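What follows is a set of notes on a single structure, which appears directly below.
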Amino acid sequence: MSCMKMSPSRMANIIAKNEWSSLVRAKAGDVCEICGRTGKLDAHHIFRKQSNYMKTLLANGIALCFDCHRNGIHSPDWKDQRIMSDKIQAYKGEEEMERLNRLKHNPPKLTLDELKEIRKDYAQMLNEY
């Protein structure tokens, strides 16, 4: 049986699905960061996951309840999407949103070793929650 080599992109996807998602929710105290509901939350990437850096950057995440996530930011109605986007921007603050936007356009490239280190750090942070 052959062993598939781990690529940086695959490692970033694993981190985003597991540690990143869990940390975004844990940092929010398991409370929707927009409406304050508790219960099952989704970890939402504020800016698209177009780079390994943006996939794994904690600051690019926000914990949302089902209504805010599926019926707000991912609503088929663009007006609902815009309203939720404005709420997220207000919550994060203009300066932070501008910083994330700059990073989105010029993200640092992460090596496999750097991604492994991020995963290790995130696992340690999760143990602290």
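Chain labels A, B, ... are given in the sequence in which chains occur in the structure tokens; within each chain residues are numbered consecutively from 1, and ligands are likewise numbered from 1 in the order shown.
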Inset, instruction - Quick one: everything within 10 Å of Leu115 of chain A, counting only C-alpha atoms, minus sequence neighbours fewer than 4 positions away in the same chain. Send it as an MDAnalysis selection string. - result: chainID A and resid 8:9 11:12 15 52:53 56 110:111 119:121
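Of the residues in chain A, those that DSSP places in strand (DSSP E or B) on the basis of the backbone are A:Val31, A:Thr38, A:Leu41, A:Asp42, A:Ala43, A:His44, A:His45, A:Gly61, A:Ile62, A:Ala63, A:Leu64, A:Cys65.
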Legend entry - Among the residues A:Ala59, A:Cys32, A:Ala26, A:Cys65, the one that comes closest to Leu100 of chain A [using only C-alpha atoms]: A:Ala59
Legend entry - Those of segment 31-117 of chain A in DSSP alpha helix (DSSP H), formatted as number ranges by chain: A: 52-56, 66-68, 78-92, 94-105, 112-117
Would you save the residues of that selection, restricted to N, CA and C atoms, as a compact mmCIF listing (two decimals), in the first residue's frame?
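Listed below is the output, part-v9.txt:
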```txt
# COMPACT_ATOMS: atom_id res chain seq x y z
N ASN A 52 -3.65 28.79 1.97
CA ASN A 52 -3.46 28.00 3.19
C ASN A 52 -3.41 28.91 4.42
N TYR A 53 -2.88 30.11 4.23
CA TYR A 53 -2.78 31.06 5.34
C TYR A 53 -4.18 31.48 5.81
N MET A 54 -5.04 31.86 4.88
CA MET A 54 -6.38 32.32 5.25
C MET A 54 -7.25 31.17 5.78
N LYS A 55 -6.97 29.94 5.34
CA LYS A 55 -7.70 28.78 5.85
C LYS A 55 -7.43 28.56 7.32
N THR A 56 -6.20 28.86 7.75
CA THR A 56 -5.77 28.50 9.10
C THR A 56 -5.62 29.68 10.05
N PHE A 66 -26.67 28.51 13.67
CA PHE A 66 -27.22 28.06 12.40
C PHE A 66 -27.92 29.19 11.66
N ASP A 67 -28.76 29.95 12.37
CA ASP A 67 -29.51 31.02 11.71
C ASP A 67 -28.60 32.09 11.12
N CYS A 68 -27.62 32.52 11.89
CA CYS A 68 -26.71 33.55 11.38
C CYS A 68 -25.84 33.04 10.24
N TRP A 78 -29.40 37.90 -1.30
CA TRP A 78 -28.20 38.74 -1.17
C TRP A 78 -28.38 39.84 -0.14
N LYS A 79 -29.62 40.28 0.09
CA LYS A 79 -29.84 41.33 1.10
C LYS A 79 -29.53 40.79 2.50
N ASP A 80 -29.95 39.55 2.77
CA ASP A 80 -29.63 38.93 4.06
C ASP A 80 -28.12 38.74 4.20
N GLN A 81 -27.46 38.36 3.11
CA GLN A 81 -26.00 38.20 3.13
C GLN A 81 -25.33 39.52 3.46
N ARG A 82 -25.79 40.59 2.84
CA ARG A 82 -25.21 41.93 3.06
C ARG A 82 -25.41 42.37 4.51
N ILE A 83 -26.60 42.15 5.05
CA ILE A 83 -26.89 42.52 6.44
C ILE A 83 -25.95 41.78 7.38
N MET A 84 -25.80 40.46 7.16
CA MET A 84 -24.92 39.68 8.04
C MET A 84 -23.47 40.09 7.86
N SER A 85 -23.06 40.35 6.64
CA SER A 85 -21.70 40.80 6.38
C SER A 85 -21.42 42.10 7.13
N ASP A 86 -22.37 43.01 7.12
CA ASP A 86 -22.21 44.28 7.85
C ASP A 86 -22.12 44.03 9.36
N LYS A 87 -22.89 43.07 9.87
CA LYS A 87 -22.84 42.75 11.30
C LYS A 87 -21.48 42.16 11.67
N ILE A 88 -20.96 41.30 10.81
CA ILE A 88 -19.64 40.72 11.07
C ILE A 88 -18.58 41.80 11.05
N GLN A 89 -18.67 42.71 10.09
CA GLN A 89 -17.71 43.81 10.01
C GLN A 89 -17.79 44.69 11.25
N ALA A 90 -19.00 44.97 11.72
CA ALA A 90 -19.16 45.79 12.93
C ALA A 90 -18.59 45.06 14.15
N TYR A 91 -18.79 43.75 14.21
CA TYR A 91 -18.29 42.96 15.34
C TYR A 91 -16.76 42.93 15.34
N LYS A 92 -16.16 42.68 14.19
CA LYS A 92 -14.70 42.58 14.10
C LYS A 92 -14.02 43.94 14.14
N GLU A 94 -13.57 47.83 11.88
CA GLU A 94 -13.08 48.24 10.56
C GLU A 94 -11.58 47.99 10.39
N GLU A 95 -10.81 48.30 11.43
CA GLU A 95 -9.36 48.12 11.34
C GLU A 95 -8.98 46.65 11.14
N GLU A 96 -9.62 45.76 11.90
CA GLU A 96 -9.33 44.33 11.76
C GLU A 96 -9.78 43.81 10.40
N MET A 97 -10.92 44.26 9.92
CA MET A 97 -11.40 43.82 8.61
C MET A 97 -10.46 44.29 7.50
N GLU A 98 -9.95 45.50 7.63
CA GLU A 98 -8.98 46.00 6.64
C GLU A 98 -7.69 45.19 6.68
N ARG A 99 -7.23 44.84 7.87
CA ARG A 99 -6.03 44.01 8.02
C ARG A 99 -6.23 42.65 7.37
N LEU A 100 -7.37 42.03 7.63
CA LEU A 100 -7.67 40.72 7.02
C LEU A 100 -7.77 40.83 5.50
N ASN A 101 -8.35 41.90 5.03
CA ASN A 101 -8.48 42.09 3.59
C ASN A 101 -7.10 42.22 2.93
N ARG A 102 -6.19 42.94 3.58
CA ARG A 102 -4.82 43.05 3.06
C ARG A 102 -4.14 41.69 3.03
N LEU A 103 -4.32 40.92 4.10
CA LEU A 103 -3.73 39.59 4.16
C LEU A 103 -4.31 38.67 3.09
N LYS A 104 -5.60 38.83 2.83
CA LYS A 104 -6.26 38.02 1.81
C LYS A 104 -5.60 38.23 0.44
N HIS A 105 -5.23 39.46 0.16
CA HIS A 105 -4.65 39.79 -1.14
C HIS A 105 -3.16 39.46 -1.24
N LEU A 112 4.93 23.13 4.66
CA LEU A 112 4.34 22.00 5.39
C LEU A 112 4.81 22.01 6.84
N ASP A 113 6.07 22.30 7.07
CA ASP A 113 6.58 22.36 8.44
C ASP A 113 5.92 23.47 9.25
N GLU A 114 5.70 24.62 8.63
CA GLU A 114 5.01 25.73 9.33
C GLU A 114 3.58 25.34 9.66
N LEU A 115 2.92 24.66 8.74
CA LEU A 115 1.54 24.22 8.99
C LEU A 115 1.49 23.17 10.10
N LYS A 116 2.46 22.28 10.13
CA LYS A 116 2.52 21.30 11.22
C LYS A 116 2.70 22.00 12.56
N GLU A 117 3.50 23.05 12.60
CA GLU A 117 3.71 23.81 13.82
C GLU A 117 2.42 24.53 14.24
```
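Taking only C-alpha atoms, the non-local environment of segment 43-45 of chain A within 8 Å (same-chain residues fewer than 4 positions away omitted) comprises Ser21, Ser22, Val24, Arg25, Lys49, Lys55, Asn60, Gly61, Ile62, Ala63, Leu64 and His69 of chain A.
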Generate a file of the selected residues that holds C-alpha atoms, formatted as an mmCIF file, in the first residue's frame.
```
data_model
loop_
_atom_site.group_PDB
_atom_site.id
_atom_site.type_symbol
_atom_site.label_atom_id
_atom_site.label_comp_id
_atom_site.auth_asym_id
_atom_site.auth_seq_id
_atom_site.Cartn_x
_atom_site.Cartn_y
_atom_site.Cartn_z
ATOM 1 C CA SER A 21 -12.910 25.153 13.569
ATOM 2 C CA SER A 22 -12.823 23.917 17.178
ATOM 3 C CA VAL A 24 -12.929 29.473 16.648
ATOM 4 C CA ARG A 25 -15.928 28.051 18.520
ATOM 5 C CA LYS A 49 -10.161 30.148 2.046
ATOM 6 C CA LYS A 55 -7.701 28.776 5.847
ATOM 7 C CA ASN A 60 -10.268 34.967 9.846
ATOM 8 C CA GLY A 61 -12.912 33.050 11.777
ATOM 9 C CA ILE A 62 -16.129 33.806 13.586
ATOM 10 C CA ALA A 63 -18.468 31.469 15.481
ATOM 11 C CA LEU A 64 -22.038 31.624 14.171
ATOM 12 C CA HIS A 69 -24.603 31.189 9.277
#
```
Legend entry - Pick from A:Asn127, A:Ser75, A:Arg70, A:Gln50 nearest to Lys109 of chain A, counting only C-alpha atoms: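 The shortest atom-to-atom distance to Lys109 of chain A comes from A:Gln50.
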